[in-house]
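What follows is a set of notes on a single structure, which appears directly below.
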Amino acid sequence: MKIIKKLLILILVLTVLWIDVPRNTVIFGRTINPPFGFEIKLGLDLKGGSHLAFEADTSKISQDDLQESLEATRDVIERRVNFFGVSEPSVQTLKSGSNYKIIVDLPGITDIQDAINRIGQTAQLTFKEQRTDVNIQQATNEAALIAFKQESVLTGKDVKKAEVSFDTTSGGAQVALNFSQEGAKKFAEITKNNVGKPVGIFLDEFILSAPVVQQEILDGNAVITGNFTTEEAKALAQDINGGALPVSIKLVEQRNIGPSLGAEEISKSIVAGIIGLSAVLIFMFIYYGKMGLISNLALVIYGFLALAIFKVFSVVLTLSGVAGFLLSIGMAVDSNILIFERIKEEIRKKKEMNIAIRLGFGRAIDAIKDANFTTLIVAFILFNPLNWGFLPQFGLVRGFALTLIIGVGTSLFTGVFITKHLINFFYKRAK
Amino acid sequence: MINFLKYKYLYLMISVAVIAVGLSFVFRFGIPLSIDFVGGSKISYSVNSKVVNLRTEALSEEQEKEMRANIDKESSGEAEILLFETVGPSVGKEAVNKTVIAAILGVLAILIYIGFAFKGFNFALSAIVALIHDMFILVGVYAVLSYYFNAEIDTLFITAALTTMSFSVHDTIVIFDKIREYIREEGRVNIENSANKALTETMVRSLNNSMTIVFMLLALILFGGSTIKFFIIALLIGTITGTYSSPFVATPVLVWLEKRKKK
């Protein structure tokens with residue numbers, strides 16, 4: 001049994017260390033990466049980027065369609081945002097009181113004007129001719145944008161009607177376009193000039209398909225094919241028909257943090273964290289001697305473990321989150337101080353070391369349990385796990401609460417369980 | 001054993017004095033609310049490697065660009081945006097209301113939990129009195145800071161207040177736990193004696209624990225970034241008052257309540 005237990009602990013330690021390893025660490029000439037691409041995620045305030053909040057004007061929408069319209073708007077915005085090539089944009093709908101908001105977070109985007117324009121604009125369908133002076137084989141959107149001419153020969157304005165239809169042979173969903181009279185004329189010209197060549201069909205500068213023109217088309221009808229599901233084809237047809245967002249939105253809040261500010265904040269916080277932590281470690285050693293060293297060891301384990309948990313649950317670290325974490329370090333030390341003071345107390349009563357340790361732990365556990373539990377209660381209410389409308393839903397408070405919850409939870413484990421084992425280990429050896 | 005409770009009127013005077021000074025600042029000068037609550041724009045530029053902070057009414061992107069162009073011209077440099085935030089006026093009130101509701105819920109939850117865990121309503125009540133005391137101290141001292149150093153109340157301050165709440169109770173519970181132990185052993189006969197014994201034994205732990213948190217916070221104030229400086233200072237005030245209030249507010253109140261009950 002004992003061997004199994006020790007083996008389990010060893011596996012746990014190795015796993016935690018593996019997760020904690022920063023990307024592309026070289027150890028003994030080998031490059032090591034954390035498993036599953038685990039990484040610390042930084043919030044907008046640390047990484048730089050834009051945070052936009054739009055208020056939805058729901059006055060013209062019936063209660064029944066509300067949720068659906070909001071979701072549709074969210075999807076359209078998300079697609080438009082994706083065009084920026086932002087890594088991990090987040091688009092959420094939020095209900096607060098009787099108001100609905102759409103929150104858009106764009107990490108790394110600082111040209112906020114461009115972002116606002118693009119989100120608020122109507123869906124733009126464009127047809128573009130191929131450029132003859134470039135030859136690009138890549139299948140990315142950027143490549144497609146280069147491969148086709150800048151100016152569009154035909155736009156969504158020339159479309160009279162768009163609807164879902166099904167391919168007669170494959171049965172796949174597609175969007176059938178019916179051009180206006182002028183559009184039909186333009187379309188006939190394009191197809192005439194581009195026989196045997198692809199024509200790019202873009203929505204919001206995002207390529208949908210680039211069919212090769214087979215022959216001149218005179219009747220003003222065209223289809224957009226792609227690997228659409230029926231739902232997607234329906235949404236696309238709606239976009240082209242309506243153009244505008246299903247719900248009109250108004251910008252009520254925007255925050256733009258330059259990348260240099262965040263970078264400076266991170267490096268300063270790290271330096272401050274190291275200095276503060278060192279002070280704590282030195283203090284604990286000076287005051288509690290050998291027991292202080294044990295507590296320091298538990299604290300280091302705590303740091304590694306908490307970091308691993310942040311990575312695994314992809315907790316987004318913000319400035320307030322960092323503060324919550326640093327505070328939890330203080331609370332982690334507290335558990336140890338409580339235990340040590342109790343042990344000292346028992347020793348003062350002339351108890352034997354072994355018994356003093358056991359009694360001290362038992363006595364301290366009540367206080368530790370109650371104290372941490374109240375902290376957890378408050379943190380849970382702040383975190384608002386059920387996303388209740390009457391409690392805070394903004395990232396700042398929640399980020400703080402989440403790191404505090406993880407911090408307190410982890411510190412209970414290391415401050416009590418790990419410390420107990422460490423003390424038993426070192427003091428039994430010493431005997 | 002040290003007779004801490006002998007000086008209970010001194011503690012009362014200290015608390016009253018600090019709160020009175022703080023509140024007088026609150027009422028005379030007020031504490032400016034950040035754009036988080038009243039709307040407006042907050043802008044930081046880096047011009048010729050100097051940081052310029054501005055606070056204005058809500059600016060649009062175009063207005064900001066225009067202003068930046070003017071700054072570029074005047075300073076013959078190039079202003080780089082470090083931070084540009086605009087909040088509509090309606091957003092803030094909602095955030096405050098929600099946070100206050102969360103705080104009240106938190107207090108109620110603590111009250112119930114302590115009431116059950118310590119099998120006594122007086123314990124819960126005294127802990128809450130200390131907590132409210134800490135809120136007054138925090139807001140008061142922050143008002144003094146805001147008068148001299150232009151600190152404003154923003155969402156981070158609210159976070160600091162909430163942290164202070166949980167820390168305050170955390171610290172109080174440790175002492176109460178000790179008192180509970182003595183009551184179990186000796187009964188409620190001499191609550192004052194039990195409380196004094198508990199205070200004597202937990203004092204070192206309280207100070208040591210606060211010391212470690214204060215180390216952390218001081219390091220952040222001295223070496224950390226500028227955006228969260230006032231947040232950390234608020235946390236520091238909270239830690240100090242949270243530590244102070246447990247032995248010198250919560251405990252005397254508990255003893256007083258317990259004695260009253262017996263009469």
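Chains: A, B, ... in order of the structure tokens. Residues: from 1 per chain. Ligands: from 1, in order shown.
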Using only C-alpha atoms, find the residues of chain A whose closest atom to chain B is at most 6 Å away, then write them as a PDB file with C-alpha atoms, in the first residue's frame.
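Wrote out33.pdb, looks like this:
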ATOM      1  CA  VAL A 252     -21.961  52.001 -24.388  1.00  0.00           C
ATOM      2  CA  GLU A 253     -18.524  51.114 -23.150  1.00  0.00           C
ATOM      3  CA  GLN A 254     -15.092  50.672 -24.642  1.00  0.00           C
ATOM      4  CA  ARG A 255     -11.732  50.037 -23.098  1.00  0.00           C
ATOM      5  CA  ASN A 256      -8.540  49.994 -25.012  1.00  0.00           C
ATOM      6  CA  ILE A 257      -5.316  48.950 -23.348  1.00  0.00           C
ATOM      7  CA  GLY A 258      -2.081  49.388 -25.255  1.00  0.00           C
ATOM      8  CA  LEU A 261       1.228  49.063 -20.542  1.00  0.00           C
ATOM      9  CA  GLU A 265       2.494  45.708 -15.476  1.00  0.00           C
ATOM     10  CA  LYS A 268       6.592  44.711 -12.459  1.00  0.00           C
ATOM     11  CA  SER A 269       4.046  42.437 -10.788  1.00  0.00           C
ATOM     12  CA  ALA A 272       7.037  42.556  -6.807  1.00  0.00           C
ATOM     13  CA  GLY A 276       7.169  39.850  -1.470  1.00  0.00           C
ATOM     14  CA  VAL A 280       7.536  35.919   3.513  1.00  0.00           C
ATOM     15  CA  GLY A 330      -1.047  35.117   2.511  1.00  0.00           C
ATOM     16  CA  ASP A 334      -1.871  31.552   7.629  1.00  0.00           C
ATOM     17  CA  ALA A 367     -10.158  27.513  12.956  1.00  0.00           C
ATOM     18  CA  ALA A 371     -11.951  30.847   8.421  1.00  0.00           C
ATOM     19  CA  THR A 375     -13.701  33.302   2.516  1.00  0.00           C
ATOM     20  CA  VAL A 378     -17.815  35.375  -0.196  1.00  0.00           C
ATOM     21  CA  PHE A 390     -28.649  40.608  -9.939  1.00  0.00           C
ATOM     22  CA  LEU A 391     -25.054  39.762  -9.033  1.00  0.00           C
ATOM     23  CA  PRO A 392     -21.834  41.071 -10.591  1.00  0.00           C
TER      24      PRO A 392
END
| task | Name the residues of segment 185-342 of chain A that come out as strand (DSSP E or B) in a backbone DSSP run; write them as an NGL selection string. | result | :A and (198-203 or 206-209 or 212 or 221-228 or 248-257 or 316-317)
| field | Atom-to-atom span, atom CA of Phe380 of chain A and atom CA of Ile406 of chain A, Å | value | 10.8 Å
| query | DSSP on the backbone: what in segment 67-171 of chain B comes out alpha helix (DSSP H), as a PyMOL selection string? | reply | chain B and resi 67-75+89-117+121-149+155-171
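Counting from atom CA of Ala151 of chain B, the distance to atom CA of Phe230 of chain B is 6.5 Å.
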| Selection near segment 301-312 of chain A, 7 Å with only C-alpha atoms, sequence-local residues under 4 positions removed, as a list in words | Val16, Ile19, Asp20, Phe38, Glu39, Ile40, Leu297, Gly407, Thr410, Ser411 and Thr414 of chain A
Could you please take those selected residues and save N, CA and C atoms as an mmCIF file, in the first residue's frame?
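File again-v7.cif, as written:
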data_model
loop_
_atom_site.group_PDB
_atom_site.id
_atom_site.type_symbol
_atom_site.label_atom_id
_atom_site.label_comp_id
_atom_site.auth_asym_id
_atom_site.auth_seq_id
_atom_site.Cartn_x
_atom_site.Cartn_y
_atom_site.Cartn_z
ATOM 1 N N VAL A 16 2.353 17.710 -12.331
ATOM 2 C CA VAL A 16 2.248 19.137 -12.035
ATOM 3 C C VAL A 16 3.420 19.896 -12.644
ATOM 4 N N ILE A 19 3.092 20.195 -16.397
ATOM 5 C CA ILE A 19 2.119 21.219 -16.809
ATOM 6 C C ILE A 19 2.706 22.619 -16.628
ATOM 7 N N ASP A 20 3.490 22.795 -15.563
ATOM 8 C CA ASP A 20 4.019 24.123 -15.250
ATOM 9 C C ASP A 20 5.111 24.594 -16.202
ATOM 10 N N PHE A 38 -1.281 23.377 -22.766
ATOM 11 C CA PHE A 38 -1.718 24.208 -21.636
ATOM 12 C C PHE A 38 -0.887 25.484 -21.575
ATOM 13 N N GLU A 39 -1.545 26.589 -21.361
ATOM 14 C CA GLU A 39 -0.825 27.846 -21.293
ATOM 15 C C GLU A 39 -1.528 28.801 -20.350
ATOM 16 N N ILE A 40 -0.788 29.713 -19.783
ATOM 17 C CA ILE A 40 -1.401 30.746 -18.944
ATOM 18 C C ILE A 40 -2.089 31.743 -19.867
ATOM 19 N N LEU A 297 8.478 25.129 2.168
ATOM 20 C CA LEU A 297 8.427 24.066 1.171
ATOM 21 C C LEU A 297 6.977 23.861 0.704
ATOM 22 N N GLY A 407 -7.096 29.633 -5.145
ATOM 23 C CA GLY A 407 -6.013 29.840 -4.187
ATOM 24 C C GLY A 407 -6.351 29.257 -2.824
ATOM 25 N N THR A 410 -6.588 25.377 -2.990
ATOM 26 C CA THR A 410 -5.268 24.762 -3.083
ATOM 27 C C THR A 410 -4.508 24.908 -1.774
ATOM 28 N N SER A 411 -4.654 26.079 -1.130
ATOM 29 C CA SER A 411 -3.891 26.317 0.086
ATOM 30 C C SER A 411 -4.377 25.423 1.211
ATOM 31 N N THR A 414 -2.435 22.165 0.450
ATOM 32 C CA THR A 414 -0.998 22.188 0.753
ATOM 33 C C THR A 414 -0.741 22.576 2.205
#
Which residues are close to Gly238 of chain B, i.e. within 7 Å by only C-alpha atoms, leaving aside same-chain residues fewer than 4 positions away? Reply as a PDB file with C-alpha atoms, in the first residue's frame.
ATOM      1  CA  ASP B 134     -13.569  47.811   8.836  1.00  0.00           C
ATOM      2  CA  LEU B 138     -11.450  51.590   4.714  1.00  0.00           C
ATOM      3  CA  THR B 164     -11.404  43.198   3.332  1.00  0.00           C
ATOM      4  CA  ALA B 234      -6.847  49.787  -0.305  1.00  0.00           C
ATOM      5  CA  GLY B 242      -9.071  43.658   9.516  1.00  0.00           C
TER       6      GLY B 242
END
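Closest approach to Ile377 of chain A among B:Leu125, B:Ile2, B:Ile240, B:Leu108: B:Leu108, based on only C-alpha atoms.
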| Could you name the residues that touch Val159 of chain A at 6 Å or less, counting only C-alpha atoms, but leaving out those on the same chain fewer than 4 positions away, as a PyMOL selection string? | chain A and resi 178-180
| Spatial neighbours of Ile423 of chain A, 12 Å, only C-alpha atoms, chain gap at least 2 places, as an MDAnalysis selection string | chainID A and resid 290:298 336 339:340 343 353:354 356:358 360:361 415:421 425:430
| field | Close residues, segment 221-235 of chain A itself excluded, 8 Å, only C-alpha atoms, min 2 positions apart in chain, as a list in words | value | Glu163, Val164, Gly172, Ala173, Gln174, Val175, Ala176, Leu177, Asn178, Phe179, Ala184, Ile201, Leu208, Ser209, Ile217, Leu218, Asp219, Ala237, Gln238 and Asp239 of chain A
